[in-house]
file run_3.txt (compact mmCIF, C-alpha atoms)
# COMPACT_ATOMS: atom_id res chain seq x y z
CA ALA A 1 0.00 0.00 0.00
CA THR A 2 1.20 3.55 -0.55
CA GLU A 3 0.29 6.80 1.10
CA LEU A 4 1.35 10.25 -0.02
CA TYR A 5 1.24 12.79 2.81
CA THR A 6 1.81 16.40 1.80
CA PRO A 7 2.30 18.74 4.76
CA SER A 8 2.94 21.74 2.52
CA CYS A 9 3.12 22.65 -1.13
CA HIS A 10 6.93 22.38 -1.01
CA ASP A 11 7.44 19.15 0.98
CA ALA A 12 6.17 15.67 0.21
CA LEU A 13 6.60 12.50 2.23
CA LEU A 14 6.17 9.15 0.49
CA ILE A 15 5.43 6.21 2.80
CA LEU A 16 5.73 2.67 1.42
CA LEU A 17 4.22 -0.22 3.38
CA ALA A 18 4.77 -3.79 2.18
CA PHE A 19 2.70 -6.67 3.48
CA GLY A 20 2.18 -10.35 2.75
CA ARG A 21 -1.16 -12.10 2.71
CA ALA A 22 -1.77 -14.81 5.33
CA ALA A 23 -4.86 -16.89 6.03
CA THR A 24 -5.65 -14.88 9.16
CA GLY A 25 -4.93 -11.46 7.76
CA LEU A 26 -1.95 -9.30 6.79
CA ASP A 27 1.58 -10.20 7.89
CA GLN A 28 4.80 -8.35 7.27
CA GLY A 29 6.07 -9.74 3.99
CA LEU A 30 9.49 -8.15 3.68
CA ALA A 31 12.02 -8.72 6.46
CA GLY A 32 15.29 -6.87 6.93
CA GLN A 33 16.50 -3.73 5.24
CA ARG A 34 14.87 -2.76 1.96
CA THR A 35 15.76 0.21 -0.23
CA PHE A 36 13.41 2.13 -2.52
CA ALA A 37 14.54 4.83 -4.94
CA VAL A 38 12.03 7.38 -6.26
CA GLY A 39 12.66 9.65 -9.22
CA LEU A 40 10.63 12.77 -10.02
CA VAL A 41 10.35 13.83 -13.67
CA ALA A 42 8.63 16.93 -15.01
CA GLY A 43 6.04 15.88 -17.55
CA SER A 44 2.96 13.69 -17.94
CA THR A 45 3.18 12.31 -21.49
CA PRO A 46 4.31 8.65 -21.46
CA GLY A 47 6.08 8.98 -24.79
CA ALA A 48 8.18 11.85 -23.46
CA ILE A 49 9.10 10.59 -20.00
CA SER A 50 9.50 6.85 -20.68
CA PRO A 51 13.02 7.26 -22.16
CA LEU A 52 14.10 9.09 -19.02
CA ILE A 53 12.68 6.36 -16.81
CA ASN A 54 14.01 3.48 -18.88
CA GLY A 55 17.43 5.09 -19.04
CA ASP A 56 17.71 4.97 -15.26
CA VAL A 57 16.37 1.46 -14.71
CA VAL A 58 18.69 -1.46 -13.95
CA ASP A 59 17.86 -5.06 -13.19
CA VAL A 60 18.84 -6.45 -9.79
CA THR A 61 18.22 -9.76 -8.05
CA SER A 62 16.87 -9.36 -4.54
CA SER A 63 16.91 -12.32 -2.14
CA VAL A 64 13.51 -12.87 -0.55
CA ALA A 65 14.07 -16.25 1.06
CA SER A 66 16.85 -18.74 1.67
CA SER A 67 15.88 -20.84 -1.35
CA GLU A 68 14.29 -18.43 -3.82
CA SER A 69 14.93 -15.12 -5.54
CA VAL A 70 12.87 -12.76 -7.61
CA GLN A 71 13.85 -10.43 -10.46
CA THR A 72 13.00 -6.83 -9.64
CA THR A 73 13.90 -3.39 -10.91
CA THR A 74 15.34 -0.36 -9.18
CA THR A 75 15.28 3.17 -10.55
CA SER A 76 17.93 5.65 -9.62
CA SER A 77 16.74 9.03 -8.42
CA THR A 78 16.46 11.64 -11.12
CA SER A 79 17.13 15.30 -10.48
CA SER A 80 17.15 18.46 -12.58
CA THR A 81 15.48 16.64 -15.46
CA THR A 82 12.97 18.32 -17.74
CA ALA A 83 10.94 16.51 -20.38
CA ALA A 84 8.96 18.30 -23.08
CA SER A 85 5.32 17.27 -23.16
CA SER A 86 5.47 15.89 -26.69
CA SER A 87 9.06 14.95 -27.41
CA THR A 88 12.17 13.21 -26.18
CA THR A 89 14.58 15.95 -27.20
CA GLY A 90 17.82 15.60 -25.28
CA VAL A 91 17.69 11.80 -25.19
CA PRO A 92 20.61 10.38 -27.23
CA ALA A 93 19.46 8.85 -30.49
CA GLY A 94 21.09 6.05 -32.39
CA THR A 95 21.34 3.20 -29.88
CA ASN A 96 18.58 1.26 -31.62
CA SER A 97 16.64 1.07 -28.37
CA GLY A 98 13.26 2.48 -29.18
CA TYR A 99 10.62 3.11 -31.78
CA MET A 100 8.16 5.68 -33.08
CA VAL A 101 4.44 5.18 -33.54
CA VAL A 102 2.79 7.28 -36.25
CA ALA A 103 -0.90 8.15 -36.27
CA SER A 104 -3.16 8.96 -39.22
CA THR A 105 -3.13 12.64 -38.21
CA GLY A 106 0.65 12.75 -38.56
CA ARG A 107 1.24 12.80 -34.83
CA VAL A 108 4.46 10.98 -33.89
CA PHE A 109 4.84 9.27 -30.50
CA THR A 110 8.38 8.40 -29.46
CA TYR A 111 9.55 5.68 -27.06
CA GLY A 112 12.92 4.51 -25.80
CA ASP A 113 15.82 6.51 -27.21
CA GLN A 114 14.01 7.85 -30.27
CA SER A 115 13.70 11.61 -30.61
CA TRP A 116 10.70 13.62 -31.72
CA PHE A 117 11.10 16.16 -34.56
CA GLY A 118 7.57 17.35 -35.19
CA ASP A 119 4.05 16.41 -36.21
CA ALA A 120 2.07 17.04 -39.37
CA PRO A 121 0.23 20.39 -39.51
CA ALA A 122 -3.21 20.66 -37.94
CA GLY A 123 -5.99 19.42 -40.19
CA VAL A 124 -4.03 16.53 -41.71
CA ASN A 125 -5.86 13.22 -41.29
CA ASP A 126 -4.67 11.05 -44.18
CA VAL A 127 -1.12 10.01 -43.26
CA VAL A 128 -0.72 6.38 -44.35
CA ALA A 129 2.96 5.53 -43.85
CA ALA A 130 6.29 6.84 -42.65
CA ALA A 131 10.02 6.14 -42.84
CA LEU A 132 12.99 6.87 -40.60
CA THR A 133 16.28 8.39 -41.78
CA PRO A 134 19.43 6.23 -41.36
CA SER A 135 20.69 8.44 -38.51
CA GLY A 136 17.42 8.19 -36.62
CA ASN A 137 17.40 11.98 -36.41
CA GLY A 138 14.54 12.54 -38.81
CA TYR A 139 11.62 10.96 -40.60
CA TRP A 140 9.24 11.29 -43.52
CA LEU A 141 5.45 11.07 -43.42
CA VAL A 142 3.46 10.32 -46.56
CA ARG A 143 -0.20 11.09 -47.17
CA ALA A 144 -2.69 9.06 -49.20
CA THR A 145 -2.51 11.77 -51.88
CA GLY A 146 1.26 11.25 -52.21
CA GLY A 147 2.31 14.39 -50.37
CA VAL A 148 5.53 13.93 -48.37
CA LEU A 149 6.39 15.77 -45.14
CA ALA A 150 10.01 15.82 -43.91
CA PHE A 151 11.20 16.34 -40.33
CA GLY A 152 14.60 16.53 -38.63
CA ASP A 153 17.43 15.61 -41.00
CA ALA A 154 15.02 14.09 -43.54
CA VAL A 155 15.32 15.73 -46.97
CA HIS A 156 12.28 16.29 -49.17
CA TYR A 157 13.19 14.71 -52.52
CA GLY A 158 9.81 15.24 -54.13
CA ASP A 159 6.29 13.87 -54.05
CA ILE A 160 3.30 13.12 -56.27
CA ALA A 161 2.20 16.75 -56.39
CA GLN A 162 5.46 17.69 -58.12
CA LEU A 163 4.95 15.01 -60.77
CA SER A 164 1.72 16.63 -61.97
CA ILE A 165 0.03 13.27 -62.46
CA GLN A 166 -3.34 11.82 -61.50
CA LEU A 167 -2.96 8.89 -59.13
CA ALA A 168 -4.71 5.71 -60.27
CA SER A 169 -4.93 4.56 -56.64
CA PRO A 170 -4.07 6.04 -53.25
CA ILE A 171 -0.59 5.82 -51.75
CA VAL A 172 -0.39 3.13 -49.04
CA GLY A 173 3.32 2.62 -48.30
CA MET A 174 6.82 4.07 -48.30
CA ALA A 175 10.41 2.83 -48.13
CA THR A 176 13.78 4.58 -48.17
CA THR A 177 17.20 3.81 -49.58
CA PRO A 178 19.84 2.61 -47.07
CA ALA A 179 21.70 5.89 -47.46
CA GLY A 180 18.56 7.95 -46.96
CA ASP A 181 19.15 9.77 -50.23
CA GLY A 182 15.79 8.88 -51.69
CA TYR A 183 12.52 7.01 -51.20
CA TRP A 184 9.84 5.00 -52.93
CA LEU A 185 6.11 5.62 -52.64
CA LEU A 186 3.72 2.71 -53.14
CA GLY A 187 0.20 2.85 -54.57
CA SER A 188 -2.46 0.29 -53.69
CA ASP A 189 -2.33 -0.91 -57.32
CA GLY A 190 1.35 -1.73 -56.81
CA GLY A 191 2.53 1.34 -58.67
CA ILE A 192 6.00 2.54 -57.56
CA PHE A 193 7.14 6.17 -57.61
CA SER A 194 10.86 6.79 -57.12
CA PHE A 195 12.40 10.00 -55.76
CA GLY A 196 15.96 11.12 -55.12
CA GLY A 197 18.48 8.27 -55.22
CA ALA A 198 15.80 5.56 -55.14
CA GLU A 199 15.95 3.45 -58.30
CA PHE A 200 12.88 2.04 -60.03
CA PHE A 201 13.04 -1.78 -60.34
CA GLY A 202 9.50 -2.55 -61.44
CA SER A 203 5.91 -2.54 -60.19
CA THR A 204 2.55 -4.28 -60.44
CA GLY A 205 0.90 -1.13 -61.74
CA GLY A 206 0.04 -2.83 -65.04
CA ILE A 207 -0.96 -6.22 -63.57
CA ALA A 208 -4.49 -7.35 -62.73
CA LEU A 209 -4.15 -8.12 -58.98
CA ASN A 210 -6.20 -10.52 -56.92
CA ALA A 211 -5.98 -8.08 -54.00
CA PRO A 212 -4.66 -4.54 -53.48
CA VAL A 213 -1.01 -4.04 -52.52
CA ILE A 214 -0.69 -2.74 -48.95
CA ASP A 215 2.99 -2.43 -47.91
CA MET A 216 6.59 -2.55 -49.13
CA ALA A 217 10.12 -3.03 -47.82
CA ALA A 218 13.44 -2.20 -49.46
CA THR A 219 16.29 -4.73 -49.43
CA PRO A 220 19.32 -3.91 -47.23
CA SER A 221 21.39 -3.07 -50.31
CA GLY A 222 18.78 -0.72 -51.71
CA GLY A 223 18.96 -2.73 -54.93
CA GLY A 224 15.42 -4.02 -54.76
CA TYR A 225 12.17 -4.14 -52.84
CA TYR A 226 9.32 -6.39 -51.76
CA LEU A 227 5.62 -5.62 -52.21
CA VAL A 228 2.89 -7.46 -50.32
CA ALA A 229 -0.80 -7.59 -51.21
CA ARG A 230 -3.73 -8.02 -48.84
CA ASP A 231 -4.01 -11.70 -49.78
CA GLY A 232 -0.38 -12.15 -48.70
CA GLY A 233 0.92 -12.34 -52.24
CA ILE A 234 4.60 -11.30 -52.46
CA PHE A 235 6.12 -9.48 -55.42
CA THR A 236 9.92 -9.16 -55.63
CA TYR A 237 11.98 -6.73 -57.67
CA GLY A 238 15.71 -6.09 -58.07
CA ASP A 239 17.72 -8.21 -55.63
CA ALA A 240 14.70 -9.12 -53.47
CA VAL A 241 14.36 -12.90 -53.08
CA PHE A 242 11.00 -14.67 -53.03
CA LEU A 243 10.74 -17.13 -50.11
CA GLY A 244 7.02 -17.83 -50.05
CA SER A 245 3.66 -16.16 -49.56
CA THR A 246 0.11 -16.73 -48.38
CA GLY A 247 -1.31 -15.91 -51.78
CA ASN A 248 -2.61 -19.48 -52.21
CA LEU A 249 -4.12 -19.71 -48.71
CA VAL A 250 -7.57 -18.80 -47.46
CA LEU A 251 -6.91 -16.21 -44.75
CA ASP A 252 -9.15 -15.38 -41.81
CA ARG A 253 -8.20 -11.71 -42.17
CA PRO A 254 -6.18 -9.89 -44.86
CA VAL A 255 -2.44 -9.21 -44.59
CA VAL A 256 -1.61 -5.61 -43.73
CA SER A 257 2.19 -5.35 -43.51
CA LEU A 258 5.57 -7.04 -43.94
CA THR A 259 9.06 -6.60 -42.52
CA LEU A 260 12.46 -8.06 -43.40
CA GLY A 261 14.50 -10.17 -41.00
CA ALA A 262 18.10 -11.32 -41.35
CA ASP A 263 17.23 -14.26 -43.62
CA GLY A 264 13.64 -13.74 -44.75
CA TYR A 265 10.48 -11.83 -43.92
CA TRP A 266 7.39 -11.82 -41.73
CA LEU A 267 3.84 -10.84 -42.66
CA VAL A 268 1.18 -9.67 -40.21
CA ALA A 269 -2.55 -9.95 -40.82
CA LEU A 270 -5.34 -7.68 -39.65
CA ASP A 271 -6.06 -10.05 -36.75
CA GLY A 272 -2.41 -9.87 -35.63
CA GLY A 273 -1.56 -13.32 -36.99
CA ILE A 274 2.06 -13.73 -38.13
CA PHE A 275 3.35 -15.63 -41.16
CA ALA A 276 7.09 -16.36 -41.28
CA PHE A 277 9.09 -17.08 -44.45
CA GLY A 278 12.78 -17.82 -44.06
CA GLU A 279 12.48 -16.68 -40.42
CA GLN A 280 11.31 -18.17 -37.13
CA PHE A 281 7.81 -17.64 -35.83
CA LEU A 282 8.22 -15.68 -32.57
CA GLY A 283 4.64 -15.09 -31.51
CA SER A 284 1.47 -13.29 -32.53
CA ILE A 285 -1.33 -11.18 -31.11
CA PRO A 286 -3.89 -14.04 -31.17
CA GLY A 287 -1.40 -16.09 -29.13
CA ALA A 288 -0.63 -13.25 -26.73
CA LEU A 289 -4.33 -12.40 -26.28
CA SER A 290 -5.79 -15.88 -26.53
CA GLN A 291 -8.06 -15.12 -23.57
CA LEU A 292 -9.93 -12.55 -25.68
CA ALA A 293 -12.53 -13.39 -28.28
CA PRO A 294 -11.30 -12.72 -31.83
CA GLU A 295 -13.66 -9.78 -32.25
CA ASP A 296 -12.23 -8.17 -29.11
CA ARG A 297 -8.59 -8.31 -30.18
CA PRO A 298 -6.96 -5.18 -31.64
CA GLU A 299 -6.38 -4.92 -35.37
CA GLY A 300 -2.81 -5.33 -36.57
CA ARG A 301 -1.49 -2.40 -38.54
CA ARG A 302 2.31 -2.57 -39.00
CA ILE A 303 5.12 -5.03 -38.23
CA ARG A 304 8.76 -3.97 -37.94
CA ALA A 305 11.80 -6.15 -37.20
CA THR A 306 14.39 -5.36 -34.52
CA PRO A 307 17.93 -4.35 -35.54
CA SER A 308 19.22 -7.88 -34.87
CA GLY A 309 16.48 -9.47 -36.94
CA ASP A 310 15.69 -11.75 -34.01
CA GLY A 311 12.42 -10.09 -33.06
CA TYR A 312 9.61 -7.87 -34.23
CA ILE A 313 7.08 -5.38 -32.95
CA VAL A 314 3.46 -5.20 -34.08
CA ALA A 315 1.58 -1.92 -33.76
CA THR A 316 -2.22 -2.08 -33.71
CA ALA A 317 -4.70 0.44 -35.04
CA ASP A 318 -5.87 1.39 -31.55
CA GLY A 319 -2.35 2.30 -30.41
CA GLY A 320 -1.27 -1.00 -28.91
CA VAL A 321 2.31 -2.22 -29.24
CA PHE A 322 3.26 -5.93 -28.98
CA ALA A 323 6.90 -7.04 -28.75
CA PHE A 324 8.12 -10.52 -29.71
CA GLY A 325 11.53 -12.20 -29.74
CA ASP A 326 14.27 -9.80 -28.62
CA ALA A 327 12.04 -6.76 -29.12
CA THR A 328 11.53 -4.50 -26.08
CA PHE A 329 8.29 -2.81 -25.13
CA TYR A 330 8.86 0.86 -24.18
CA GLY A 331 5.33 2.19 -24.26
CA ALA A 332 2.29 2.73 -26.47
CA PRO A 333 -0.04 5.63 -27.35
CA SER A 334 -3.25 3.67 -26.83
CA THR A 335 -4.62 6.19 -24.32
CA GLU A 336 -3.47 9.25 -26.28
CA LEU A 337 -5.24 8.78 -29.61
CA GLY A 338 -8.10 11.12 -30.43
CA VAL A 339 -11.50 10.30 -31.90
CA GLY A 340 -11.06 8.82 -35.37
CA GLU A 341 -7.26 8.75 -35.02
CA ILE A 342 -5.58 5.40 -35.71
CA VAL A 343 -2.02 4.12 -35.85
CA VAL A 344 -0.69 3.73 -39.40
CA ASP A 345 3.00 2.97 -38.97
CA LEU A 346 5.81 2.08 -36.60
CA LEU A 347 9.43 3.12 -37.16
CA MET A 348 12.57 1.53 -35.75
CA ARG A 349 16.23 1.92 -36.70
CA ARG A 350 17.93 -1.04 -38.37

call {"tool": "encode", "arguments": {"input": "run_3.txt", "output": "structure tokens"}}
result
Amino acid sequence: ATELYTPSCHDALLILLAFGRAATGLDQGLAGQRTFAVGLVAGSTPGAISPLINGDVVDVTSSVASSESVQTTTTSSTSSTTAASSSTTGVPAGTNSGYMVVASTGRVFTYGDQSWFGDAPAGVNDVVAAALTPSGNGYWLVRATGGVLAFGDAVHYGDIAQLSIQLASPIVGMATTPAGDGYWLLGSDGGIFSFGGAEFFGSTGGIALNAPVIDMAATPSGGGYYLVARDGGIFTYGDAVFLGSTGNLVLDRPVVSLTLGADGYWLVALDGGIFAFGEQFLGSIPGALSQLAPEDRPEGRRIRATPSGDGYIVATADGGVFAFGDATFYGAPSTELGVGEIVVDLLMRR
């Protein structure tokens, strides 16, 4: 139990009482000396303060009995720390320990060591995908109309508006070159639009598809890319290697995203189901939330692999984040989304 007694507006006393449960009532559960560390951080937005908390947390093993131990965490006290309400500015970027969640309004929520560099202007509500710069110090947002917004060290290399063309289908995905000197935009008909140093390797724009294309991923070399359709069909171009698909399966829910691992790729469906090709299956939302009825489970939106390729994170439309394999959960914007606002992408450095 905890009690916060505040004798004045300047002084606060935190009292921690720990008890164990016995058949006849409450007994003292912790014997001997115990140490608690409390840190105070200015701010109330989880995405802003979680990097500060996680940066000061270390794992320790505390003996609780002669024959057992329990894994706990201790946080060091934090002083003179200020966190902006909507960013993690001042937190070192580039350690590959975090991610960004992007909403349809262009709002960007940062977790772990990822820094925030801005949101889309007010009134935007059609952001469909995003991409992170190689440094992790910037990102691009793309709208369904093909407009591209650049933040931080991201460079605007062009967009659909500058091509003066009429889109045959809305933009649904985006990928960048390894060097960050260009990007591809993906239409739901599989059409590919290349900008900057991104090279065109082919598209399904002229093919009659069984299902719309929904996501893409560039190969590590930048010499090719994968496209995935909602039926799980995989299309490879350049040096991308085909390892299998769900195109010949009857799916419970359509595929919504793909991500590349070290040796293959994973697909995620709208129900959070995972399909692995050339990679190990590491878990899924239906498995993690098996106690919930299918209709009560959140809808999968994007899957992104960890830097090692030994894990992945699935972001759901309602702002949930699910970590599998060696992926780490740092937080989620599920309580911060507005009416009609959904998650459309998740960014993580590779």

call {"tool": "residues_around", "arguments": {"input": "run_3.txt", "residues": "segment 129-132 of chain A", "least_positions_apart": "2", "cutoff": "7 Å", "atoms": "only C-alpha atoms", "output": "PDB file with C-alpha atoms, in the coordinates of the input"}}
result
ATOM      1  CA  VAL A 127      -1.120  10.010 -43.260  1.00  0.00           C
ATOM      2  CA  PRO A 134      19.430   6.230 -41.360  1.00  0.00           C
ATOM      3  CA  GLY A 136      17.420   8.190 -36.620  1.00  0.00           C
ATOM      4  CA  GLY A 138      14.540  12.540 -38.810  1.00  0.00           C
ATOM      5  CA  TYR A 139      11.620  10.960 -40.600  1.00  0.00           C
ATOM      6  CA  TRP A 140       9.240  11.290 -43.520  1.00  0.00           C
ATOM      7  CA  LEU A 141       5.450  11.070 -43.420  1.00  0.00           C
ATOM      8  CA  VAL A 142       3.460  10.320 -46.560  1.00  0.00           C
ATOM      9  CA  VAL A 172      -0.390   3.130 -49.040  1.00  0.00           C
ATOM     10  CA  GLY A 173       3.320   2.620 -48.300  1.00  0.00           C
ATOM     11  CA  MET A 174       6.820   4.070 -48.300  1.00  0.00           C
ATOM     12  CA  ALA A 175      10.410   2.830 -48.130  1.00  0.00           C
ATOM     13  CA  THR A 176      13.780   4.580 -48.170  1.00  0.00           C
ATOM     14  CA  VAL A 344      -0.690   3.730 -39.400  1.00  0.00           C
ATOM     15  CA  ASP A 345       3.000   2.970 -38.970  1.00  0.00           C
ATOM     16  CA  LEU A 347       9.430   3.120 -37.160  1.00  0.00           C
TER      17      LEU A 347
END

call {"tool": "residues_near_point", "arguments": {"input": "run_3.txt", "point": "(3.9, -7.0, -32.1)", "cutoff": "10 Å", "atoms": "all atoms listed in the file", "output": "number ranges by chain"}}
result
A: 268, 272-274, 282-285, 288, 300-305, 311-316, 320-325, 327, 329

call {"tool": "residues_around", "arguments": {"input": "run_3.txt", "residues": "Thr145 of chain A", "least_positions_apart": "4", "cutoff": "10 Å", "atoms": "all atoms listed in the file", "output": "number ranges by chain"}}
result
A: 126-128, 159-161, 166-167, 169-172, 187

call {"tool": "atom_distance", "arguments": {"input": "run_3.txt", "atom1": "atom CA of Gly98 of chain A", "atom2": "atom CA of Tyr111 of chain A"}}
result
5.3 Å

call {"tool": "atom_distance", "arguments": {"input": "run_3.txt", "atom1": "atom CA of Val124 of chain A", "atom2": "atom CA of Val102 of chain A"}}
result
12.7 Å

call {"tool": "closest_residue", "arguments": {"input": "run_3.txt", "among": "A:Gly196, A:Pro298, A:Gly309, A:Pro212", "to": "Val343 of chain A", "atoms": "all atoms listed in the file"}}
result
A:Pro298

call {"tool": "atom_distance", "arguments": {"input": "run_3.txt", "atom1": "atom CA of Asn248 of chain A", "atom2": "atom CA of Phe281 of chain A"}}
result
19.5 Å

call {"tool": "residues_around", "arguments": {"input": "run_3.txt", "residues": "segment 179-183 of chain A", "least_positions_apart": "6", "cutoff": "7 Å", "atoms": "only C-alpha atoms", "output": "list of chain:residue names"}}
result
A:Thr133, A:Pro134, A:Tyr157, A:Ser194, A:Phe195, A:Gly196, A:Gly197, A:Ala198

call {"tool": "residues_around", "arguments": {"input": "run_3.txt", "residues": "segment 227-234 of chain A", "least_positions_apart": "4", "cutoff": "8 Å", "atoms": "all atoms listed in the file", "output": "list in words"}}
result
Gly190, Asn210, Ala211, Pro212, Val213, Ile214, Asp215, Met216, Ala217, Phe242, Gly244, Ser245, Thr246, Gly247, Asn248, Leu251, Pro254, Val255, Val256, Ser257, Leu258 and Leu267 of chain A

call {"tool": "closest_residue", "arguments": {"input": "run_3.txt", "among": "A:Ile207, A:Ala240, A:Leu292, A:Met100", "to": "Gly224 of chain A", "atoms": "only C-alpha atoms"}}
result
A:Ala240

call {"tool": "closest_residue", "arguments": {"input": "run_3.txt", "among": "A:Ala276, A:Leu186, A:Ala293, A:Val148", "to": "Gly202 of chain A", "atoms": "only C-alpha atoms"}}
result
A:Leu186

call {"tool": "build_atoms", "arguments": {"input": "run_3.txt", "residues": "segment 129-146 of chain A", "atoms": "N, CA, C and O atoms", "output": "CSV table (one decimal), keeping the file's coordinate frame"}}
result
chain,number,residue,atom,x,y,z
A,129,ALA,N,1.7,6.2,-44.1
A,129,ALA,CA,3.0,5.5,-43.8
A,129,ALA,C,4.0,6.5,-43.5
A,129,ALA,O,3.9,7.7,-43.6
A,130,ALA,N,5.2,6.0,-43.1
A,130,ALA,CA,6.3,6.8,-42.6
A,130,ALA,C,7.6,6.1,-42.8
A,130,ALA,O,7.6,4.9,-43.0
A,131,ALA,N,8.7,6.8,-42.7
A,131,ALA,CA,10.0,6.1,-42.8
A,131,ALA,C,11.0,6.9,-42.0
A,131,ALA,O,10.9,8.2,-41.9
A,132,LEU,N,12.0,6.3,-41.5
A,132,LEU,CA,13.0,6.9,-40.6
A,132,LEU,C,14.3,7.1,-41.4
A,132,LEU,O,14.6,6.3,-42.2
A,133,THR,N,15.0,8.2,-41.1
A,133,THR,CA,16.3,8.4,-41.8
A,133,THR,C,17.3,7.4,-41.2
A,133,THR,O,17.1,7.0,-40.0
A,134,PRO,N,18.4,7.2,-41.9
A,134,PRO,CA,19.4,6.2,-41.4
A,134,PRO,C,20.0,6.7,-40.0
A,134,PRO,O,20.3,5.8,-39.2
A,135,SER,N,20.1,8.0,-39.8
A,135,SER,CA,20.7,8.4,-38.5
A,135,SER,C,19.7,8.3,-37.3
A,135,SER,O,20.1,8.4,-36.2
A,136,GLY,N,18.4,8.2,-37.7
A,136,GLY,CA,17.4,8.2,-36.6
A,136,GLY,C,17.1,9.6,-36.2
A,136,GLY,O,16.3,9.8,-35.3
A,137,ASN,N,17.6,10.6,-36.8
A,137,ASN,CA,17.4,12.0,-36.4
A,137,ASN,C,16.4,12.7,-37.3
A,137,ASN,O,16.5,13.9,-37.5
A,138,GLY,N,15.6,11.9,-38.0
A,138,GLY,CA,14.5,12.5,-38.8
A,138,GLY,C,13.6,11.5,-39.4
A,138,GLY,O,13.9,10.3,-39.3
A,139,TYR,N,12.5,11.9,-40.0
A,139,TYR,CA,11.6,11.0,-40.6
A,139,TYR,C,10.8,11.7,-41.6
A,139,TYR,O,10.6,12.9,-41.7
A,140,TRP,N,10.2,10.8,-42.5
A,140,TRP,CA,9.2,11.3,-43.5
A,140,TRP,C,7.9,10.7,-43.2
A,140,TRP,O,7.7,9.6,-42.7
A,141,LEU,N,6.8,11.5,-43.5
A,141,LEU,CA,5.4,11.1,-43.4
A,141,LEU,C,4.9,11.2,-44.8
A,141,LEU,O,5.1,12.2,-45.5
A,142,VAL,N,4.1,10.2,-45.2
A,142,VAL,CA,3.5,10.3,-46.6
A,142,VAL,C,2.0,10.2,-46.4
A,142,VAL,O,1.4,9.4,-45.6
A,143,ARG,N,1.3,11.0,-47.2
A,143,ARG,CA,-0.2,11.1,-47.2
A,143,ARG,C,-0.8,10.2,-48.3
A,143,ARG,O,-0.1,9.9,-49.3
A,144,ALA,N,-2.0,9.9,-48.2
A,144,ALA,CA,-2.7,9.1,-49.2
A,144,ALA,C,-2.7,9.7,-50.6
A,144,ALA,O,-2.7,9.0,-51.6
A,145,THR,N,-2.6,11.0,-50.6
A,145,THR,CA,-2.5,11.8,-51.9
A,145,THR,C,-1.1,11.8,-52.5
A,145,THR,O,-0.9,12.3,-53.6
A,146,GLY,N,-0.1,11.3,-51.7
A,146,GLY,CA,1.3,11.2,-52.2
A,146,GLY,C,2.1,12.4,-51.8
A,146,GLY,O,3.2,12.6,-52.2
